[in-house]
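Chemist: Next up, entry-v5.cif (mmCIF, C-alpha atoms).
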```cif
data_model
loop_
_atom_site.group_PDB
_atom_site.id
_atom_site.type_symbol
_atom_site.label_atom_id
_atom_site.label_comp_id
_atom_site.auth_asym_id
_atom_site.auth_seq_id
_atom_site.Cartn_x
_atom_site.Cartn_y
_atom_site.Cartn_z
ATOM 1 C CA LYS A 243 20.249 -6.992 12.375
ATOM 2 C CA ILE A 244 17.231 -7.939 10.292
ATOM 3 C CA LYS A 245 16.856 -7.144 6.617
ATOM 4 C CA ILE A 246 13.504 -6.251 5.091
ATOM 5 C CA ALA A 247 12.832 -5.884 1.362
ATOM 6 C CA LEU A 248 9.714 -4.062 0.173
ATOM 7 C CA GLY A 249 8.149 -4.023 -3.272
ATOM 8 C CA GLY A 250 5.002 -3.259 -5.203
ATOM 9 C CA LYS A 251 3.600 -1.261 -8.079
ATOM 10 C CA CYS A 252 3.589 1.833 -5.883
ATOM 11 C CA THR A 253 5.819 4.120 -3.805
ATOM 12 C CA LEU A 254 6.763 2.530 -0.477
ATOM 13 C CA ASN A 255 9.491 4.873 0.795
ATOM 14 C CA PRO A 256 7.346 6.211 3.689
ATOM 15 C CA ILE A 257 6.585 2.663 4.840
ATOM 16 C CA ALA A 258 10.288 1.726 4.798
ATOM 17 C CA GLU A 259 11.225 4.828 6.792
ATOM 18 C CA LEU A 260 8.489 4.229 9.357
ATOM 19 C CA LEU A 261 9.503 0.586 9.740
ATOM 20 C CA GLU A 262 13.053 1.668 10.530
ATOM 21 C CA PHE A 263 11.655 4.092 13.110
ATOM 22 C CA TYR A 264 9.460 1.485 14.838
ATOM 23 C CA PHE A 265 12.258 -1.074 14.994
ATOM 24 C CA LYS A 266 14.620 1.555 16.377
ATOM 25 C CA LEU A 267 12.140 2.208 19.181
ATOM 26 C CA SER A 268 12.140 -1.509 19.975
ATOM 27 C CA GLU A 269 15.965 -1.485 19.925
ATOM 28 C CA VAL A 270 16.205 -3.830 16.949
ATOM 29 C CA SER A 271 18.688 -2.995 14.194
ATOM 30 C CA VAL A 272 17.040 -3.088 10.756
ATOM 31 C CA GLU A 273 18.068 -2.476 7.163
ATOM 32 C CA THR A 274 15.512 -1.979 4.400
ATOM 33 C CA TYR A 275 15.689 -2.437 0.649
ATOM 34 C CA LEU A 276 13.194 -0.993 -1.825
ATOM 35 C CA CYS A 277 12.676 -2.915 -5.042
ATOM 36 C CA GLN A 278 12.646 -0.889 -8.223
ATOM 37 C CA PHE A 279 9.277 0.720 -8.824
ATOM 38 C CA GLY A 280 6.811 -1.839 -10.189
ATOM 39 C CA ALA A 281 9.534 -4.473 -10.571
ATOM 40 C CA VAL A 282 9.121 -6.648 -7.486
ATOM 41 C CA GLN A 283 8.151 -9.671 -9.607
ATOM 42 C CA GLN A 284 11.190 -9.292 -11.856
ATOM 43 C CA GLU A 285 13.534 -8.874 -8.886
ATOM 44 C CA ILE A 286 12.142 -11.933 -7.111
ATOM 45 C CA LEU A 287 12.323 -14.138 -10.209
ATOM 46 C CA ASN A 288 15.807 -12.934 -11.203
ATOM 47 C CA ASN A 289 18.200 -14.753 -8.889
ATOM 48 C CA ASP A 290 20.978 -12.282 -9.762
ATOM 49 C CA SER A 291 18.943 -9.180 -8.860
ATOM 50 C CA GLN A 292 19.859 -6.661 -6.169
ATOM 51 C CA LEU A 293 17.041 -8.089 -4.066
ATOM 52 C CA HIS A 294 18.707 -11.502 -3.904
ATOM 53 C CA LYS A 295 22.115 -9.910 -3.299
ATOM 54 C CA PHE A 296 20.564 -8.032 -0.364
ATOM 55 C CA LYS A 297 19.650 -11.409 1.211
ATOM 56 C CA PRO A 298 16.577 -10.225 3.114
ATOM 57 C CA ASP A 299 15.102 -11.957 6.135
ATOM 58 C CA PHE A 300 11.654 -10.717 5.141
ATOM 59 C CA ILE A 301 10.150 -9.801 1.774
ATOM 60 C CA LEU A 302 7.024 -7.645 1.794
ATOM 61 C CA VAL A 303 4.883 -7.487 -1.346
ATOM 62 C CA ILE A 304 2.190 -4.816 -1.332
ATOM 63 C CA ASN A 305 -0.836 -5.310 -3.570
ATOM 64 C CA SER A 306 -3.101 -2.355 -4.224
ATOM 65 C CA SER A 307 -6.429 -1.701 -5.916
ATOM 66 C CA HIS A 308 -4.434 0.631 -8.182
ATOM 67 C CA ASP A 309 -2.774 -2.486 -9.632
ATOM 68 C CA LEU A 310 -6.123 -3.307 -11.219
ATOM 69 C CA ASP A 311 -7.208 0.190 -12.235
ATOM 70 C CA PHE A 312 -7.758 -1.124 -15.756
ATOM 71 C CA ILE A 313 -10.938 -2.964 -14.691
ATOM 72 C CA LYS A 314 -12.713 0.252 -13.704
ATOM 73 C CA GLY A 315 -15.657 0.920 -15.979
ATOM 74 C CA GLN A 316 -15.082 -2.338 -17.858
ATOM 75 C CA ASN A 317 -17.999 -4.653 -18.535
ATOM 76 C CA LEU A 318 -16.147 -7.901 -17.924
ATOM 77 C CA THR A 319 -17.788 -11.190 -18.735
ATOM 78 C CA LYS A 320 -17.940 -13.863 -16.046
ATOM 79 C CA GLU A 321 -15.192 -15.776 -17.833
ATOM 80 C CA GLN A 322 -12.946 -12.688 -17.991
ATOM 81 C CA ALA A 323 -13.502 -11.995 -14.286
ATOM 82 C CA ARG A 324 -12.677 -15.594 -13.336
ATOM 83 C CA THR A 325 -9.578 -15.555 -15.540
ATOM 84 C CA LEU A 326 -8.383 -12.313 -13.927
ATOM 85 C CA VAL A 327 -8.785 -13.711 -10.406
ATOM 86 C CA LYS A 328 -7.067 -16.981 -11.339
ATOM 87 C CA LYS A 329 -4.164 -15.307 -13.184
ATOM 88 C CA THR A 330 -3.509 -12.761 -10.415
ATOM 89 C CA SER A 331 -3.658 -15.307 -7.587
ATOM 90 C CA GLU A 332 -1.421 -17.750 -9.488
ATOM 91 C CA GLU A 333 1.182 -15.015 -10.028
ATOM 92 C CA ILE A 334 1.228 -14.350 -6.285
ATOM 93 C CA LYS A 335 1.544 -18.077 -5.539
ATOM 94 C CA ASP A 336 4.396 -18.503 -8.049
ATOM 95 C CA LEU A 337 6.303 -15.574 -6.503
ATOM 96 C CA ALA A 338 5.921 -16.968 -3.006
ATOM 97 C CA MET A 339 7.026 -20.435 -4.103
ATOM 98 C CA HIS A 340 10.093 -18.969 -5.823
ATOM 99 C CA VAL A 341 11.045 -17.052 -2.679
ATOM 100 C CA GLN A 342 10.572 -20.189 -0.610
ATOM 101 C CA SER A 343 12.728 -22.305 -2.914
ATOM 102 C CA LYS A 344 15.516 -19.802 -3.608
ATOM 103 C CA THR A 345 15.902 -17.824 -0.370
ATOM 104 C CA ALA A 346 15.702 -18.186 3.385
ATOM 105 C CA ALA A 347 13.406 -15.169 3.597
ATOM 106 C CA GLN A 348 9.928 -15.190 5.037
ATOM 107 C CA ILE A 349 7.413 -13.514 2.762
ATOM 108 C CA ILE A 350 4.518 -11.218 3.619
ATOM 109 C CA VAL A 351 1.888 -10.495 0.974
ATOM 110 C CA SER A 352 -0.853 -7.944 1.389
ATOM 111 C CA ASN A 353 -4.350 -8.572 0.173
ATOM 112 C CA PHE A 354 -6.134 -5.971 -1.958
ATOM 113 C CA ASP A 355 -7.763 -2.865 -0.513
ATOM 114 C CA ALA A 356 -11.157 -2.921 -2.206
ATOM 115 C CA PRO A 357 -12.179 0.567 -3.442
ATOM 116 C CA ALA A 358 -14.786 2.598 -1.589
ATOM 117 C CA VAL A 359 -16.971 3.243 -4.626
ATOM 118 C CA ARG A 360 -19.373 0.422 -5.435
ATOM 119 C CA THR A 361 -20.845 0.628 -8.925
ATOM 120 C CA TYR A 362 -23.791 -1.627 -8.089
ATOM 121 C CA SER A 363 -24.334 -0.331 -4.549
ATOM 122 C CA ASN A 364 -26.023 -2.993 -2.382
ATOM 123 C CA TYR A 365 -25.977 -5.500 -5.262
ATOM 124 C CA GLU A 366 -22.171 -5.372 -5.563
ATOM 125 C CA ARG A 367 -21.593 -8.753 -3.886
ATOM 126 C CA GLN A 368 -24.329 -10.432 -5.908
ATOM 127 C CA ILE A 369 -22.755 -9.605 -9.267
ATOM 128 C CA GLU A 370 -19.737 -11.798 -10.045
ATOM 129 C CA THR A 371 -18.210 -9.325 -12.481
ATOM 130 C CA SER A 372 -18.412 -6.273 -10.183
ATOM 131 C CA GLU A 373 -15.204 -4.705 -8.861
ATOM 132 C CA GLY A 374 -16.188 -5.432 -5.282
ATOM 133 C CA GLN A 375 -16.773 -9.109 -5.998
ATOM 134 C CA ILE A 376 -13.531 -9.440 -7.956
ATOM 135 C CA TYR A 377 -11.536 -7.998 -5.036
ATOM 136 C CA SER A 378 -13.434 -10.204 -2.594
ATOM 137 C CA GLN A 379 -12.612 -13.321 -4.617
ATOM 138 C CA LEU A 380 -8.975 -12.282 -4.960
ATOM 139 C CA ASN A 381 -8.621 -11.791 -1.213
ATOM 140 C CA ASN A 382 -10.245 -15.165 -0.566
ATOM 141 C CA GLU A 383 -7.756 -16.795 -2.957
ATOM 142 C CA ILE A 384 -4.857 -15.057 -1.197
ATOM 143 C CA ASP A 385 -6.054 -16.463 2.137
ATOM 144 C CA ILE A 386 -6.259 -19.964 0.646
ATOM 145 C CA ILE A 387 -2.841 -20.012 -1.042
ATOM 146 C CA SER A 388 -1.098 -18.315 1.893
ATOM 147 C CA LYS A 389 -1.084 -21.541 3.933
ATOM 148 C CA LYS A 390 2.531 -22.713 4.368
ATOM 149 C CA LEU A 391 3.710 -20.101 1.834
ATOM 150 C CA PHE A 392 3.401 -16.622 3.320
ATOM 151 C CA SER A 393 1.814 -14.414 5.943
ATOM 152 C CA VAL A 394 -0.983 -12.057 4.923
ATOM 153 C CA LEU A 395 -0.999 -8.342 5.675
ATOM 154 C CA ASP A 396 -4.710 -7.503 5.805
ATOM 155 C CA LEU A 397 -4.571 -4.245 3.901
ATOM 156 C CA ASN A 398 -8.293 -4.364 3.192
ATOM 157 C CA PHE A 399 -9.059 -4.419 6.923
ATOM 158 C CA LEU A 400 -6.636 -1.553 7.522
ATOM 159 C CA SER A 401 -8.399 0.479 4.830
ATOM 160 C CA GLU A 402 -11.739 -0.173 6.525
ATOM 161 C CA LEU A 403 -10.290 0.751 9.915
ATOM 162 C CA PHE A 404 -8.927 4.007 8.530
ATOM 163 C CA GLY A 405 -12.107 4.721 6.573
ATOM 164 C CA LYS A 406 -12.639 3.767 2.951
ATOM 165 C CA SER A 407 -13.723 7.266 1.910
ATOM 166 C CA ASN A 408 -10.417 8.737 3.167
ATOM 167 C CA TRP A 409 -8.118 5.803 2.409
ATOM 168 C CA SER A 410 -7.717 6.173 -1.340
ATOM 169 C CA SER A 411 -6.366 9.538 -2.436
ATOM 170 C CA SER A 412 -6.211 10.448 -6.131
ATOM 171 C CA ARG A 413 -3.964 13.351 -5.221
ATOM 172 C CA PHE A 414 -1.311 11.184 -3.568
ATOM 173 C CA TRP A 415 -1.573 8.555 -6.316
ATOM 174 C CA TYR A 416 -1.053 10.920 -9.226
ATOM 175 C CA GLU A 417 1.571 13.059 -7.451
ATOM 176 C CA GLY A 418 3.749 10.253 -6.152
ATOM 177 C CA LYS A 419 2.120 6.855 -6.801
ATOM 178 C CA TYR A 420 1.379 6.432 -3.113
ATOM 179 C CA PRO A 421 -1.095 3.527 -2.760
ATOM 180 C CA PHE A 422 -3.112 5.196 -0.008
ATOM 181 C CA ASN A 423 -3.530 8.433 1.924
ATOM 182 C CA LEU A 424 -0.177 9.209 3.578
ATOM 183 C CA GLU A 425 -1.982 9.817 6.869
ATOM 184 C CA ALA A 426 -2.635 6.062 6.925
ATOM 185 C CA ALA A 427 1.065 5.206 6.477
ATOM 186 C CA PRO A 428 1.928 5.102 10.225
ATOM 187 C CA SER A 429 -0.837 2.595 11.012
ATOM 188 C CA VAL A 430 0.069 0.436 7.987
ATOM 189 C CA ALA A 431 3.761 0.445 8.904
ATOM 190 C CA PHE A 432 2.964 -0.334 12.545
ATOM 191 C CA SER A 433 0.843 -3.317 11.483
ATOM 192 C CA ILE A 434 3.756 -4.595 9.373
ATOM 193 C CA PHE A 435 6.116 -4.030 12.298
ATOM 194 C CA ARG A 436 3.873 -6.011 14.671
ATOM 195 C CA LEU A 437 3.474 -8.801 12.112
ATOM 196 C CA ILE A 438 7.234 -9.135 11.640
ATOM 197 C CA GLU A 439 7.752 -9.075 15.406
ATOM 198 C CA SER A 440 5.320 -11.968 15.800
ATOM 199 C CA MET A 441 7.049 -13.891 12.991
ATOM 200 C CA MET A 442 10.336 -13.378 14.843
ATOM 201 C CA GLY A 443 8.773 -14.692 18.052
ATOM 202 C CA LYS A 444 9.182 -11.360 19.795
ATOM 203 C CA SER A 445 5.533 -10.553 20.426
ATOM 204 C CA LYS A 446 4.398 -10.807 24.042
ATOM 205 C CA LYS A 447 1.026 -11.413 25.597
ATOM 206 C CA CYS A 448 -0.117 -10.841 29.124
ATOM 207 C CA LEU A 449 -2.902 -13.008 30.570
ATOM 208 C CA VAL A 450 -4.689 -11.510 33.568
ATOM 209 C CA PHE A 451 -6.976 -13.700 35.659
ATOM 210 C CA ASP A 452 -9.432 -12.704 38.349
ATOM 211 C CA LEU A 453 -9.365 -15.681 40.740
ATOM 212 C CA ASP A 454 -11.369 -14.148 43.584
ATOM 213 C CA ASN A 455 -13.472 -16.679 45.484
ATOM 214 C CA THR A 456 -12.379 -19.580 43.274
ATOM 215 C CA ILE A 457 -10.546 -21.491 45.965
#
```
Go ahead and express the file in the form of structure tokens.
Modeler:
Amino acid sequence: KIKIALGGKCTLNPIAELLEFYFKLSEVSVETYLCQFGAVQQEILNNDSQLHKFKPDFILVINSSHDLDFIKGQNLTKEQARTLVKKTSEEIKDLAMHVQSKTAAQIIVSNFDAPAVRTYSNYERQIETSEGQIYSQLNNEIDIISKKLFSVLDLNFLSELFGKSNWSSSRFWYEGKYPFNLEAAPSVAFSIFRLIESMMGKSKKCLVFDLDNTI
């Protein structure tokens, strides 16, 4: 049996249920634990928390653009934007290092799903203080600090694959604090399932060669 803990500043019950379903199909016994809403940091840092008592094999931390809703419409200075990126990325690094030092669990951290709306349109990436650029810098920092610390769930790519305009749903967020459209939940959970399988060494690849007329 493998144990998976999930946490974030959002509702992850559908993801946990779908993970159990996918692992059942692959005939792997799994048990999931959901951190208290918005308290994944506290549970990781508190060595006496229910998370540590659960003794997970994998800890999944979901980051979401909703975590940084407070920057919407804000005219941040360059210094404020740089401080935000540095502070957020350092918090993620500290959590991963704590997990690594205090548990035997492998950690998976998602990057941020950049919002579909771009305030500056085509100039978004040229303006350091724009939302799009802040999320881009954050995701780059996550890629850098992930080395030897954690695996990255590319939530931003999954949002692009699903379609940015349909990914973020105000209705689902305000009704149940779901980080994305619930129709995207199966593909997100399946990506997590495949990632964990690969980390367990259970993924398989088939190489097919056409060797006609080579001998």
Chemist: Can you work out the spacing between CA of Asn408 in chain A and CA of Ala427 in chain A in Å, to one decimal?
Modeler: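 Spanning CA of Asn408 in chain A to CA of Ala427 in chain A is a straight-line distance of 12.5 Å.
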Chemist: Which neighbours of Tyr264 in chain A fall inside 10 Å, counting only C-alpha atoms, when residues of the same chain fewer than 4 positions from it are skipped, and could you give them as number ranges by chain?
Modeler: A: 259-260, 268-270, 272, 428, 431-432, 434-436
Chemist: Just want the 12 Å neighbourhood of Val430 in chain A, counted on only C-alpha atoms, with same-chain residues fewer than 5 positions away dropped. Output as a list in words.
Modeler: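 The residues satisfying every condition are Leu254, Pro256, Ile257, Ala258, Leu260, Leu261, Tyr264, Ile304, Ser352, Leu395, Asp396, Leu397, Asn398, Phe399, Leu400, Ser401, Glu402, Leu403, Phe404, Trp409, Pro421, Phe422, Asn423, Leu424, Glu425, Phe435, Arg436 and Leu437 of chain A.
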Chemist: Report as CSV the residues of range 325-428 of chain A within 10 Å of range 312-321 of chain A, each with its shortest atom pair and distance in Å (one decimal), using all atoms listed in the file, ordered by chain and increasing residue number.
Modeler:
```
residue,atom,partner,partner_atom,distance
A:Thr325,CA,A:Glu321,CA,6.1
A:Leu326,CA,A:Glu321,CA,8.6
A:Thr361,CA,A:Gly315,CA,8.8
A:Ile369,CA,A:Lys320,CA,9.3
A:Glu370,CA,A:Lys320,CA,6.6
A:Thr371,CA,A:Lys320,CA,5.8
A:Ser372,CA,A:Leu318,CA,8.2
A:Glu373,CA,A:Lys314,CA,7.4
A:Ile376,CA,A:Ile313,CA,9.7
```
Chemist: When you look at Ser291 in chain A with a cut-off of 12 Å (counting all atoms listed in the file), what residues show up, excluding the ones that are within fewer than 5 positions of it in the same chain? I need them as a list in words.
Modeler: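 Once the nearby chain positions are removed, what remains is Cys277, Gln278, Ala281, Val282, Gln283, Gln284, Glu285, Ile286, Phe296 and Lys297 of chain A.
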Chemist: Identify which of the residues A:Phe392, A:Phe300, A:Tyr365, A:Tyr377 lies closest to Lys328 in chain A, counting only C-alpha atoms when measuring atom-to-atom distances.
Modeler: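 Answer, going by the shortest atom-to-atom distance: A:Tyr377.
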Chemist: With all atoms listed in the file as the basis for distance, which of A:Ser388, A:Ser363, A:Ser307, A:Asn288 is at the shortest distance from Ile334 in chain A?
Modeler: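 So, comparing all the options, the nearest one is A:Ser388.
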Chemist: Report, in Å with one decimal, the straight-line distance from CA of Ser393 in chain A to CA of Ile301 in chain A.
Modeler: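 Distance between the two atoms: 10.4 Å.
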